[in-house]
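Trainee: Following this message is one structure expressed as structure tokens.
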Amino acid sequence: MLWDPQLLLNAIVAGLLLGGFYAVVTVGVSISFGMLDIVNIAHPAFIMLGSYVAYLLNGALGLDPILASLVVLPAFFLLGALVYQVYYVAFERRGQESLRGLAFFFGLLFISEVGLILAFGVDYRFVEAPYIGPSLHLGFLDFPLRMLIPCAVSLALLVSLHLYLSHTFLGRAIAAVSQDPLALRLMAANPTRVKRIAFALSIATASIAGALLIVIQPVEPSMGRDYIGRVFAICVLGGMGSFPGTLLAAILLGIVESITSTFYGPSWSPAVAFGFLLLTLAFRPVGILGR
Amino acid sequence: MTAPLLQVEDLSKRFGGFLALDTVNLELAAGARLGLIGPNGSGKSTLVNCLCGALRNDTGTVRFEGTVMDGLSAHQRTRLGMARSFQLPRPFTSLTVAENLRIPLLYTVNVRRGQPVPRSEIVAREAELLGLVGLAGKAARLPRDLSQVEMRKLELARAMAAEPKLLIADEAMAGLSHGEVDDILALLCRLNEAGITIILIEHIMRAVMSFSDRLVVLVAGRKIADGPPDEVVRNPEVERAYLGE
Amino acid sequence: MRAHTFLFAALAVAAITFEGLRFLENEYLFFAGYVVLQYVVLATAWNILGGYTGYVNFGTAAFFALGAYTSVALGKLVSLPIPALILAGGVISGVVGLGMGYLTLRLRGVFFAIATLALAVVVQTLITNWDFVGGSRGAYTVRPAVVPLLGSYVQYLFLIMLGLAVIALAIAHAIEGSRLGYGFATIRDDEAAAEVSGVPTLRLKLVATTVSGALMGMAGAPLPYYVTYLDPASGFNLAYAVNSIAMPLIGGMTSWIGPLIGALLLGSVQQVATVSNWFGNHPEINLLIVGALLMLFVIAAPNGIVGLLGIEKRRSARG
């Protein structure tokens with residue numbers, strides 16, 4: 001079977017752009033799971049929420065979806081803080097995170113999907129923006145703007161988050177909080193408050209990721225489920241909390257998914273992510289770049 | 001001369017960039033009473049974890065009764081005769097005190113014998129062990145009803161229930177009163193006289209000194225002393241390690 | 001209670017239930033009862049892994065649907081009686097459970113849970129793309145004209161599911177009182193301490209995953225004959241995912257009674273809600289409520305109804 005080289009190269013390009021997007025989808029989990037050890041399997045639910053909020057603001061006010069997500073960013077931040085507070089009081093404080101915490105987040109994931117179905121129905125929703133449609137052409141290579149721009153935004157967000165986490169006091173406190181809460185206390189930082197801010201931050205990223213998602217493609221409520229496998233596969237493969245690793249893993253997954261989709265059909269993408277996940281868990285739980 | 005019970009050769013363990021154990025060598029004869037001491041973070045618990053199979057050592061070999069332990073899981077090593085108590089007690093919280101002791105009987109002793117332990121013997125053995133550690137009246141209680149001290153005793157009793165040839169007691173006496181420390185020491189002595197080799201990891205110096213016939217000192221992952229207790233404590237490097245910390 | 005006593009008692013209760021329903025002469029009760037019993041099996045199966053060992057399976061739908069689609073696939077090749085299909089469904093789902101477990105159970109419990117979530121999506125993708133069993137268009141199953149044993153086919157299906165429920169409960173009860181049950185409890189309480197006490201944790205976890213998966217597959221095997229038209233959307237319905245977790249959690253995860261109570265209670269209420277059309281054009285509200293109850297209980301009443309009522313089960317001292 002011959003793979004048309006032009007088709008292949010375009011698939012790779014699409015995969016690169018997709019991977020950039022996957023990175024911003026995953027970064028929230030890199031923070032909550034990779035750094036805080038909170039298994040927030042409901043993260044895709046917050047992303048879907050972000051998509052639908054962008055859809056509403058875009059439809060009602062004509063706001064650019066990405067701009068809209070920045071507007072509601074504080075609300076998502078507060079939502080994240082609230083969710084963490086409930087999680088902390090109900091589970092973390094009592095040291096029973098594992099099964100009950102998982103069930104809690106699963107409940108969140110489930111309720112949000114059903115809630116979205118009730119509110120918006122199962123039809124696909126999309127946004128309107130001037131960059132959805134046109135593509136950049138470099139020779140035979142296509143760079144659809146609706147993928148290029150989210151990829152660019154994603155990279156910008158990743159870089160700024162990385163800088164924030166490595167150069168500010170709060171940022172470094174977040175990186176340290178799981179490894180040495182005692183030392184953190186001695187530095188006059190309350191570990192619980194630090195974790196709450198970090199978790200809120202991770203949910204805030206979901207706001208932006210959701211807007212980017214609906215720019216890339218129309219959304220419907222059950223799409224969140226497809227992202228669970230992807231997000232955790234990337235997070236683990238990328239070395240848990242490492243941002244460079246996450247980006248690398250995301251791009252890798254994006255490319256493999258894109259090639260599979262181009263040559264075998266798009267319905268196989270969830271299987272690709274799952275295959276990635278299983279392979280990673282089976283052979284290299286510390287990820288590509290190590291811990 | 002019989003082969004040593006435990007042989008540790010060039011054991012190293014790394015956590016990312018941190019070298020927790022640095023080519024540790026150790027030989028232990030059957031019936032010995034080994035005291036293992038060292039400052040906090042010197043690698044004592046890491047060593048225990050590598051011996052028991054909770055962690056996989058990066059280099060080196062562990063041999064128990066001549067058999068290479070590398071690749072064997074923790075439960076397999078327990079079945080071969082190694083047992084440990086944890087530094088922070090880890091009881092089975094949904095089981096009663098007696099049922100906690102039942103687990104090694106059900107999963108180690110009967111496997112070793114090749115046949116199930118009769119119910120009457122289980123009940124008798126549980127009572128015996130509880131009496132030995134002074135928890136006789138608490139058989140039906142849940143671990144959350146026990147005091148810290150009682151939980152440590154349960155921890156020790158559970159390790160003993162596995163009928164080990166080598167018992168590693170990891171800080172079993174922390175937080176005990178003077179009298180309770182003596183009780184545990186007496187218990188360990190009795191076990192040793194019955195043939196069980198014991199590695200005692202402790203910070204309570206008088207307990208370690210009175211119990212051990214040999215002392216090993218671990219500092220920053222390396223063994224810096226190994227010999228009779230009186231000699232080891234007069235070793236200048238050991239003094240420096242303890243005074244300098 | 002010894003295992004055969006329990007089995008005998010369960011069979012007696014089952015027989016009485018069946019005859020009682022026949023006496024009421026309302027066919028719909030068998031129809032609805034089938035679904036409730038299906039949940040008894042699913043909830044019990046889930047709990048054998050989730051409640052006893054503490055490993056959460058989010059992919060109930062995958063194992064359940066595998067059983068259903070095994071029936072569909074086999075049905076296209078050869079005509080088999082339902083008990084044989086149940087066996088086949090159990091084997092397939094059991095093997096998948098074993099495989100999944102083998103790949104992920106050496107790691108932390110959360111990775112197993114995440115893998116089961118991803119598994120559900122993948123199995124649905126695979127089956128949606130498999131035209132042999134109808135793909136996304138679905139598959140029709142024709143009920144045999146001759147009904148074994150009884151007058152009505154639905155009654156026959158109900159009886160089969162009743163039998164499966166008895167089997168599932170008997171297995172759960174037998175595990176609880178046995179050495180295996182102790183082993184499972186130690187895995188849930190403290191896996192490291194279990195290993196050090198001689199418990200072969202990986203092997204036991206694999207047993208739990210396999211038994212749990214197999215029972216779920218067995219519950220799914222008769223489904224094509226019950227619904228007569230099966231498509232991936234209904235086979236992988238969200239309802240299975242949330243109910244199989246909510247029912248044991250709300251009923252109580254520490255013993256076989258919990259999933260039974262949870263399934264009977266929640267299952268019946270949901271059936272009544274569907275029939276009485278409580279939620280009109282939005283049947284999803286039903287699931288929303290179940291999800292909300294799940295979260296409420298996991299936060300406020302983690303030991304479920306069994307815990308609230310103080311029904312503590314003490315194991316018998318069997319070696």
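Each chain in the structure tokens gets a letter, A, B, ..., in the order shown, and its residues are numbered from 1; ligands are numbered from 1 in order too.
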So that I can see what lies close to range 101-107 of chain B, please list as a PyMOL selection string the residues with an atom at most 6 Å from it, counting only C-alpha atoms and leaving out residues fewer than 3 positions away in the same chain.
Mentor: (chain B and resi 98+110+158+161-162) or (chain C and resi 197-199)
Trainee: Identify all chain B residues at most 7 Å from chain C by counting only C-alpha atoms; ligands do not count. Present them as a ChimeraX atom specification.
Mentor: /B:74-76,78-79,83,90,92-94,103-104,106-108,116-119,162
Trainee: Keeping N, CA and C atoms for every residue in the selection just given, could you write it to a file as a PDB file, in the first residue's frame?
Mentor:
ATOM      1  N   ALA B  74       7.565  -9.045  46.775  1.00  0.00           N
ATOM      2  CA  ALA B  74       7.622  -8.995  48.234  1.00  0.00           C
ATOM      3  C   ALA B  74       6.952 -10.209  48.867  1.00  0.00           C
ATOM      4  N   HIS B  75       5.807 -10.604  48.329  1.00  0.00           N
ATOM      5  CA  HIS B  75       5.115 -11.719  48.976  1.00  0.00           C
ATOM      6  C   HIS B  75       5.886 -13.023  48.824  1.00  0.00           C
ATOM      7  N   GLN B  76       6.608 -13.152  47.722  1.00  0.00           N
ATOM      8  CA  GLN B  76       7.418 -14.364  47.553  1.00  0.00           C
ATOM      9  C   GLN B  76       8.551 -14.389  48.575  1.00  0.00           C
ATOM     10  N   THR B  78       8.525 -12.971  51.504  1.00  0.00           N
ATOM     11  CA  THR B  78       7.944 -13.271  52.814  1.00  0.00           C
ATOM     12  C   THR B  78       7.725 -14.761  52.951  1.00  0.00           C
ATOM     13  N   ARG B  79       7.240 -15.386  51.888  1.00  0.00           N
ATOM     14  CA  ARG B  79       6.993 -16.821  51.952  1.00  0.00           C
ATOM     15  C   ARG B  79       8.288 -17.603  52.112  1.00  0.00           C
ATOM     16  N   ALA B  83      10.542 -11.296  56.923  1.00  0.00           N
ATOM     17  CA  ALA B  83       9.380 -10.542  57.383  1.00  0.00           C
ATOM     18  C   ALA B  83       9.837  -9.187  57.872  1.00  0.00           C
ATOM     19  N   ARG B  90       1.146  -0.040  59.541  1.00  0.00           N
ATOM     20  CA  ARG B  90       0.196  -0.134  58.432  1.00  0.00           C
ATOM     21  C   ARG B  90      -0.739  -1.306  58.660  1.00  0.00           C
ATOM     22  N   PHE B  92      -4.323  -3.445  58.666  1.00  0.00           N
ATOM     23  CA  PHE B  92      -5.461  -3.571  57.756  1.00  0.00           C
ATOM     24  C   PHE B  92      -6.658  -2.995  58.484  1.00  0.00           C
ATOM     25  N   THR B  93      -7.065  -1.819  58.067  1.00  0.00           N
ATOM     26  CA  THR B  93      -8.017  -1.053  58.863  1.00  0.00           C
ATOM     27  C   THR B  93      -9.424  -1.628  58.902  1.00  0.00           C
ATOM     28  N   SER B  94      -9.802  -2.424  57.907  1.00  0.00           N
ATOM     29  CA  SER B  94     -11.166  -2.935  57.952  1.00  0.00           C
ATOM     30  C   SER B  94     -11.241  -4.294  58.639  1.00  0.00           C
ATOM     31  N   ILE B 103      -3.943 -12.918  58.430  1.00  0.00           N
ATOM     32  CA  ILE B 103      -3.521 -12.826  57.024  1.00  0.00           C
ATOM     33  C   ILE B 103      -2.216 -13.581  56.753  1.00  0.00           C
ATOM     34  N   PRO B 104      -1.159 -13.331  57.542  1.00  0.00           N
ATOM     35  CA  PRO B 104       0.056 -14.123  57.273  1.00  0.00           C
ATOM     36  C   PRO B 104      -0.170 -15.615  57.464  1.00  0.00           C
ATOM     37  N   LEU B 106      -2.895 -17.211  56.742  1.00  0.00           N
ATOM     38  CA  LEU B 106      -3.627 -17.700  55.581  1.00  0.00           C
ATOM     39  C   LEU B 106      -2.803 -17.665  54.305  1.00  0.00           C
ATOM     40  N   TYR B 107      -1.883 -16.702  54.232  1.00  0.00           N
ATOM     41  CA  TYR B 107      -1.215 -16.510  52.952  1.00  0.00           C
ATOM     42  C   TYR B 107       0.268 -16.821  52.946  1.00  0.00           C
ATOM     43  N   THR B 108       0.857 -17.021  54.119  1.00  0.00           N
ATOM     44  CA  THR B 108       2.277 -17.353  54.124  1.00  0.00           C
ATOM     45  C   THR B 108       2.495 -18.731  54.732  1.00  0.00           C
ATOM     46  N   PRO B 116      -3.727 -26.031  54.115  1.00  0.00           N
ATOM     47  CA  PRO B 116      -4.339 -24.999  54.955  1.00  0.00           C
ATOM     48  C   PRO B 116      -4.071 -25.240  56.428  1.00  0.00           C
ATOM     49  N   VAL B 117      -3.911 -24.130  57.140  1.00  0.00           N
ATOM     50  CA  VAL B 117      -3.746 -24.231  58.583  1.00  0.00           C
ATOM     51  C   VAL B 117      -5.122 -24.477  59.199  1.00  0.00           C
ATOM     52  N   PRO B 118      -5.262 -25.491  60.047  1.00  0.00           N
ATOM     53  CA  PRO B 118      -6.577 -25.786  60.632  1.00  0.00           C
ATOM     54  C   PRO B 118      -7.091 -24.612  61.446  1.00  0.00           C
ATOM     55  N   ARG B 119      -8.403 -24.479  61.451  1.00  0.00           N
ATOM     56  CA  ARG B 119      -9.016 -23.327  62.097  1.00  0.00           C
ATOM     57  C   ARG B 119      -8.642 -23.219  63.569  1.00  0.00           C
ATOM     58  N   ALA B 162       4.029 -14.478  60.402  1.00  0.00           N
ATOM     59  CA  ALA B 162       4.488 -15.109  59.160  1.00  0.00           C
ATOM     60  C   ALA B 162       5.566 -16.151  59.409  1.00  0.00           C
TER      61      ALA B 162
END
Trainee: Contacts of range 9-23 of chain B at 10 Å or less, counting only C-alpha atoms, minus same-chain residues fewer than 5 places along, as a PyMOL selection string?
Mentor: (chain A and resi 290-291) or (chain B and resi 41-47+50-51+55-63+218-223)
Trainee: Please dump the current selection as a PDB file, in the first residue's frame; keep N, CA and C atoms.
Mentor:
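Output below, filename selection.pdb:
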ATOM      1  N   GLY A 290      11.830  11.018  31.211  1.00  0.00           N
ATOM      2  CA  GLY A 290      12.186  10.624  32.568  1.00  0.00           C
ATOM      3  C   GLY A 290      11.545  11.532  33.586  1.00  0.00           C
ATOM      4  N   ARG A 291      11.814  11.290  34.840  1.00  0.00           N
ATOM      5  CA  ARG A 291      11.181  12.079  35.914  1.00  0.00           C
ATOM      6  C   ARG A 291      12.137  13.148  36.419  1.00  0.00           C
TER       7      ARG A 291
ATOM      8  N   GLY B  41      17.449   9.756  56.961  1.00  0.00           N
ATOM      9  CA  GLY B  41      17.730   9.944  55.547  1.00  0.00           C
ATOM     10  C   GLY B  41      18.988   9.242  55.084  1.00  0.00           C
ATOM     11  N   SER B  42      19.557   8.377  55.960  1.00  0.00           N
ATOM     12  CA  SER B  42      20.800   7.719  55.571  1.00  0.00           C
ATOM     13  C   SER B  42      20.564   6.516  54.676  1.00  0.00           C
ATOM     14  N   GLY B  43      19.302   6.121  54.495  1.00  0.00           N
ATOM     15  CA  GLY B  43      19.047   5.016  53.582  1.00  0.00           C
ATOM     16  C   GLY B  43      18.621   3.742  54.260  1.00  0.00           C
ATOM     17  N   LYS B  44      18.382   3.776  55.581  1.00  0.00           N
ATOM     18  CA  LYS B  44      18.033   2.546  56.290  1.00  0.00           C
ATOM     19  C   LYS B  44      16.735   1.947  55.747  1.00  0.00           C
ATOM     20  N   SER B  45      15.710   2.801  55.643  1.00  0.00           N
ATOM     21  CA  SER B  45      14.433   2.269  55.164  1.00  0.00           C
ATOM     22  C   SER B  45      14.518   1.844  53.708  1.00  0.00           C
ATOM     23  N   THR B  46      15.320   2.575  52.926  1.00  0.00           N
ATOM     24  CA  THR B  46      15.500   2.178  51.525  1.00  0.00           C
ATOM     25  C   THR B  46      16.140   0.801  51.454  1.00  0.00           C
ATOM     26  N   LEU B  47      17.109   0.575  52.329  1.00  0.00           N
ATOM     27  CA  LEU B  47      17.770  -0.728  52.353  1.00  0.00           C
ATOM     28  C   LEU B  47      16.764  -1.823  52.686  1.00  0.00           C
ATOM     29  N   CYS B  50      14.553  -2.531  49.781  1.00  0.00           N
ATOM     30  CA  CYS B  50      15.223  -3.328  48.734  1.00  0.00           C
ATOM     31  C   CYS B  50      15.348  -4.783  49.159  1.00  0.00           C
ATOM     32  N   LEU B  51      15.641  -4.997  50.449  1.00  0.00           N
ATOM     33  CA  LEU B  51      15.764  -6.376  50.918  1.00  0.00           C
ATOM     34  C   LEU B  51      14.445  -7.114  50.770  1.00  0.00           C
ATOM     35  N   LEU B  55      11.082  -2.303  46.896  1.00  0.00           N
ATOM     36  CA  LEU B  55      11.762  -1.504  45.888  1.00  0.00           C
ATOM     37  C   LEU B  55      12.710  -2.414  45.122  1.00  0.00           C
ATOM     38  N   ARG B  56      12.958  -2.042  43.871  1.00  0.00           N
ATOM     39  CA  ARG B  56      13.908  -2.833  43.104  1.00  0.00           C
ATOM     40  C   ARG B  56      15.249  -2.123  43.131  1.00  0.00           C
ATOM     41  N   ASN B  57      16.293  -2.809  43.574  1.00  0.00           N
ATOM     42  CA  ASN B  57      17.605  -2.183  43.597  1.00  0.00           C
ATOM     43  C   ASN B  57      18.154  -2.049  42.173  1.00  0.00           C
ATOM     44  N   ASP B  58      18.925  -0.979  41.969  1.00  0.00           N
ATOM     45  CA  ASP B  58      19.457  -0.738  40.629  1.00  0.00           C
ATOM     46  C   ASP B  58      20.600  -1.679  40.305  1.00  0.00           C
ATOM     47  N   THR B  59      21.542  -1.820  41.248  1.00  0.00           N
ATOM     48  CA  THR B  59      22.647  -2.752  41.035  1.00  0.00           C
ATOM     49  C   THR B  59      22.806  -3.619  42.266  1.00  0.00           C
ATOM     50  N   GLY B  60      23.572  -4.669  42.119  1.00  0.00           N
ATOM     51  CA  GLY B  60      23.864  -5.518  43.262  1.00  0.00           C
ATOM     52  C   GLY B  60      22.879  -6.667  43.404  1.00  0.00           C
ATOM     53  N   THR B  61      23.177  -7.555  44.321  1.00  0.00           N
ATOM     54  CA  THR B  61      22.339  -8.748  44.520  1.00  0.00           C
ATOM     55  C   THR B  61      22.006  -8.930  45.987  1.00  0.00           C
ATOM     56  N   VAL B  62      20.834  -9.451  46.218  1.00  0.00           N
ATOM     57  CA  VAL B  62      20.439  -9.865  47.562  1.00  0.00           C
ATOM     58  C   VAL B  62      20.253 -11.368  47.531  1.00  0.00           C
ATOM     59  N   ARG B  63      20.930 -12.053  48.441  1.00  0.00           N
ATOM     60  CA  ARG B  63      20.777 -13.503  48.505  1.00  0.00           C
ATOM     61  C   ARG B  63      20.258 -13.899  49.882  1.00  0.00           C
ATOM     62  N   LEU B 218      24.960   3.256  58.776  1.00  0.00           N
ATOM     63  CA  LEU B 218      24.716   3.737  57.414  1.00  0.00           C
ATOM     64  C   LEU B 218      24.676   5.263  57.449  1.00  0.00           C
ATOM     65  N   VAL B 219      25.497   5.890  56.596  1.00  0.00           N
ATOM     66  CA  VAL B 219      25.447   7.345  56.514  1.00  0.00           C
ATOM     67  C   VAL B 219      25.419   7.730  55.039  1.00  0.00           C
ATOM     68  N   ALA B 220      24.449   8.534  54.671  1.00  0.00           N
ATOM     69  CA  ALA B 220      24.305   9.005  53.279  1.00  0.00           C
ATOM     70  C   ALA B 220      24.371   7.846  52.297  1.00  0.00           C
ATOM     71  N   GLY B 221      23.753   6.738  52.627  1.00  0.00           N
ATOM     72  CA  GLY B 221      23.670   5.616  51.702  1.00  0.00           C
ATOM     73  C   GLY B 221      24.877   4.702  51.706  1.00  0.00           C
ATOM     74  N   ARG B 222      25.902   5.034  52.496  1.00  0.00           N
ATOM     75  CA  ARG B 222      27.070   4.148  52.510  1.00  0.00           C
ATOM     76  C   ARG B 222      27.275   3.544  53.886  1.00  0.00           C
ATOM     77  N   LYS B 223      27.782   2.306  53.875  1.00  0.00           N
ATOM     78  CA  LYS B 223      28.069   1.667  55.154  1.00  0.00           C
ATOM     79  C   LYS B 223      29.417   2.179  55.611  1.00  0.00           C
TER      80      LYS B 223
END
Trainee: Measure the distance from CA of Asp131 in chain C to CA of Ala73 in chain C in Å and round it to one decimal.
Mentor: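 CA of Ala73 in chain C lies at a distance of 10.4 Å from CA of Asp131 in chain C.
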Trainee: Let me make sure I understand: among A:Phe46, A:Phe140, A:Phe105, A:Tyr22, which one has the smallest atom-to-atom distance to chain C if we use only C-alpha atoms?
Mentor: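 Ranked by minimum distance to chain C, first place goes to A:Phe105.
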Trainee: Compile the contact shell of range 137-151 of chain B as a PyMOL selection string: residues with an atom at most 12 Å away, counting only C-alpha atoms, same-chain residues fewer than 5 positions apart removed.
Mentor: (chain B and resi 85-102+123-132+156-158+171-177+180-181+184) or (chain C and resi 189+314-315)
Trainee: Considering only C-alpha atoms, extract the chain A residues located within 10 Å of chain C and return them as a JSON list (two decimals) with C-alpha atoms, in the first residue's frame.
Mentor:
[["chain", "number", "residue", "atom", "x", "y", "z"],
["A", 38, "ILE", "CA", -5.14, 14.72, 42.03],
["A", 39, "VAL", "CA", -6.72, 12.38, 39.52],
["A", 41, "ILE", "CA", -10.58, 12.65, 35.22],
["A", 86, "VAL", "CA", -14.95, 20.33, 48.06],
["A", 87, "TYR", "CA", -12.41, 17.66, 47.10],
["A", 89, "VAL", "CA", -12.71, 18.79, 52.63],
["A", 90, "ALA", "CA", -14.41, 15.59, 51.57],
["A", 91, "PHE", "CA", -11.43, 13.42, 50.69],
["A", 98, "SER", "CA", -8.15, 7.07, 45.89],
["A", 99, "LEU", "CA", -11.47, 5.36, 45.22],
["A", 100, "ARG", "CA", -13.75, 8.06, 46.50],
["A", 101, "GLY", "CA", -11.85, 10.85, 44.81],
["A", 102, "LEU", "CA", -12.06, 8.97, 41.53],
["A", 103, "ALA", "CA", -15.78, 8.41, 41.98],
["A", 104, "PHE", "CA", -16.20, 12.10, 42.79],
["A", 105, "PHE", "CA", -14.53, 13.26, 39.60],
["A", 106, "PHE", "CA", -16.30, 10.62, 37.59],
["A", 107, "GLY", "CA", -19.56, 11.94, 38.96],
["A", 108, "LEU", "CA", -18.54, 15.44, 37.88],
["A", 109, "LEU", "CA", -17.62, 14.20, 34.42],
["A", 110, "PHE", "CA", -20.88, 12.37, 34.10],
["A", 111, "ILE", "CA", -23.12, 15.11, 35.41],
["A", 112, "SER", "CA", -21.52, 17.71, 33.17],
["A", 113, "GLU", "CA", -22.02, 15.58, 30.06],
["A", 114, "VAL", "CA", -25.65, 14.91, 30.89],
["A", 115, "GLY", "CA", -26.15, 18.56, 31.85],
["A", 117, "ILE", "CA", -27.04, 17.24, 26.69],
["A", 118, "LEU", "CA", -30.02, 18.64, 28.53],
["A", 121, "GLY", "CA", -28.93, 18.70, 22.91],
["A", 222, "SER", "CA", -19.98, 13.31, 24.49],
["A", 225, "ARG", "CA", -14.89, 11.12, 26.79],
["A", 226, "ASP", "CA", -12.57, 10.83, 23.82],
["A", 227, "TYR", "CA", -10.17, 13.19, 25.51],
["A", 228, "ILE", "CA", -9.72, 11.27, 28.73],
["A", 229, "GLY", "CA", -7.55, 8.64, 27.14],
["A", 230, "ARG", "CA", -5.63, 11.25, 25.15],
["A", 232, "PHE", "CA", -3.72, 10.94, 30.44],
["A", 233, "ALA", "CA", -1.71, 9.18, 27.77],
["A", 236, "VAL", "CA", 2.07, 10.01, 31.52],
["A", 267, "SER", "CA", -13.14, 6.96, 13.72],
["A", 268, "TRP", "CA", -10.00, 5.17, 14.87],
["A", 269, "SER", "CA", -8.45, 8.08, 16.77],
["A", 270, "PRO", "CA", -9.71, 7.09, 20.24],
["A", 271, "ALA", "CA", -8.12, 3.71, 19.71],
["A", 272, "VAL", "CA", -4.79, 5.37, 18.92],
["A", 273, "ALA", "CA", -4.79, 7.32, 22.17],
["A", 274, "PHE", "CA", -5.73, 4.24, 24.12],
["A", 275, "GLY", "CA", -3.00, 2.24, 22.46],
["A", 277, "LEU", "CA", -1.82, 4.88, 26.98],
["A", 278, "LEU", "CA", -1.51, 1.14, 27.34],
["A", 279, "LEU", "CA", 1.93, 1.06, 25.78],
["A", 281, "LEU", "CA", 1.75, 2.29, 31.14],
["A", 282, "ALA", "CA", 3.11, -1.08, 30.25],
["A", 283, "PHE", "CA", 6.59, -0.06, 29.31],
["A", 285, "PRO", "CA", 5.46, 4.81, 33.23]]
Trainee: I'd like to know which residues of range 185-233 of chain B are strand (DSSP E) (by DSSP, run on the backbone); could you write them as a ChimeraX atom specification?
Mentor: /B:197-201,214-219,222-227
Trainee: What does the file look like for those residues with N, CA and C atoms, as an mmCIF file, in the first residue's frame?
Mentor:
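What follows is the written file again.cif:
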data_model
loop_
_atom_site.group_PDB
_atom_site.id
_atom_site.type_symbol
_atom_site.label_atom_id
_atom_site.label_comp_id
_atom_site.auth_asym_id
_atom_site.auth_seq_id
_atom_site.Cartn_x
_atom_site.Cartn_y
_atom_site.Cartn_z
ATOM 1 N N THR B 197 16.594 -14.828 63.143
ATOM 2 C CA THR B 197 17.594 -13.784 62.965
ATOM 3 C C THR B 197 16.879 -12.442 62.949
ATOM 4 N N ILE B 198 17.496 -11.461 63.606
ATOM 5 C CA ILE B 198 16.789 -10.185 63.723
ATOM 6 C C ILE B 198 17.676 -9.024 63.289
ATOM 7 N N ILE B 199 17.105 -8.173 62.467
ATOM 8 C CA ILE B 199 17.744 -6.892 62.159
ATOM 9 C C ILE B 199 16.912 -5.831 62.845
ATOM 10 N N LEU B 200 17.548 -5.099 63.743
ATOM 11 C CA LEU B 200 16.836 -4.076 64.506
ATOM 12 C C LEU B 200 17.284 -2.710 64.012
ATOM 13 N N ILE B 201 16.328 -1.941 63.513
ATOM 14 C CA ILE B 201 16.630 -0.578 63.087
ATOM 15 C C ILE B 201 16.049 0.347 64.122
ATOM 16 N N ARG B 214 26.034 -7.186 66.803
ATOM 17 C CA ARG B 214 26.800 -6.552 65.727
ATOM 18 C C ARG B 214 26.088 -5.278 65.325
ATOM 19 N N LEU B 215 26.859 -4.267 64.957
ATOM 20 C CA LEU B 215 26.266 -2.975 64.635
ATOM 21 C C LEU B 215 26.722 -2.542 63.248
ATOM 22 N N VAL B 216 25.793 -2.081 62.448
ATOM 23 C CA VAL B 216 26.127 -1.546 61.123
ATOM 24 C C VAL B 216 25.645 -0.102 61.082
ATOM 25 N N VAL B 217 26.505 0.780 60.612
ATOM 26 C CA VAL B 217 26.149 2.195 60.545
ATOM 27 C C VAL B 217 26.056 2.636 59.091
ATOM 28 N N LEU B 218 24.960 3.256 58.776
ATOM 29 C CA LEU B 218 24.716 3.737 57.414
ATOM 30 C C LEU B 218 24.676 5.263 57.449
ATOM 31 N N VAL B 219 25.497 5.890 56.596
ATOM 32 C CA VAL B 219 25.447 7.345 56.514
ATOM 33 C C VAL B 219 25.419 7.730 55.039
ATOM 34 N N ARG B 222 25.902 5.034 52.496
ATOM 35 C CA ARG B 222 27.070 4.148 52.510
ATOM 36 C C ARG B 222 27.275 3.544 53.886
ATOM 37 N N LYS B 223 27.782 2.306 53.875
ATOM 38 C CA LYS B 223 28.069 1.667 55.154
ATOM 39 C C LYS B 223 29.417 2.179 55.611
ATOM 40 N N ILE B 224 29.451 2.832 56.766
ATOM 41 C CA ILE B 224 30.735 3.353 57.231
ATOM 42 C C ILE B 224 31.312 2.562 58.393
ATOM 43 N N ALA B 225 30.530 1.657 58.950
ATOM 44 C CA ALA B 225 31.065 0.849 60.053
ATOM 45 C C ALA B 225 30.291 -0.442 60.158
ATOM 46 N N ASP B 226 30.980 -1.498 60.585
ATOM 47 C CA ASP B 226 30.347 -2.809 60.684
ATOM 48 C C ASP B 226 31.169 -3.643 61.648
ATOM 49 N N GLY B 227 30.627 -3.887 62.837
ATOM 50 C CA GLY B 227 31.399 -4.690 63.777
ATOM 51 C C GLY B 227 30.723 -4.762 65.126
#
Trainee: I want to know what sits within 10 Å of Leu49 in chain C, based on only C-alpha atoms, with residues of the same chain fewer than 2 positions away left out; could you give that as a tab-separated table (two decimals) with C-alpha atoms, in the first residue's frame?
Mentor:
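Below is the file that was written, out.tsv:
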chain	number	residue	atom	x	y	z
C	44	THR	CA	-22.49	-7.03	42.16
C	45	ALA	CA	-19.86	-7.66	39.50
C	46	TRP	CA	-18.51	-4.13	39.83
C	47	ASN	CA	-18.34	-4.42	43.55
C	51	GLY	CA	-15.74	-2.57	46.66
C	52	TYR	CA	-13.69	-5.57	47.74
C	53	THR	CA	-10.27	-4.66	46.33
C	54	GLY	CA	-10.66	-0.91	45.92
C	55	TYR	CA	-9.85	-0.82	42.21
C	56	VAL	CA	-12.32	1.31	40.31
C	57	ASN	CA	-13.60	0.16	36.92
C	184	PHE	CA	-9.14	-8.70	48.69
C	188	ARG	CA	-8.09	-2.48	49.62
C	205	LYS	CA	-6.28	-8.47	41.54
C	206	LEU	CA	-6.27	-10.39	38.29
C	207	VAL	CA	-8.79	-12.84	39.73
C	208	ALA	CA	-11.02	-9.95	40.73
C	209	THR	CA	-10.77	-8.24	37.36
C	210	THR	CA	-11.45	-11.46	35.48
C	211	VAL	CA	-14.43	-12.52	37.60
C	212	SER	CA	-15.87	-9.02	37.54
C	213	GLY	CA	-15.44	-8.65	33.80
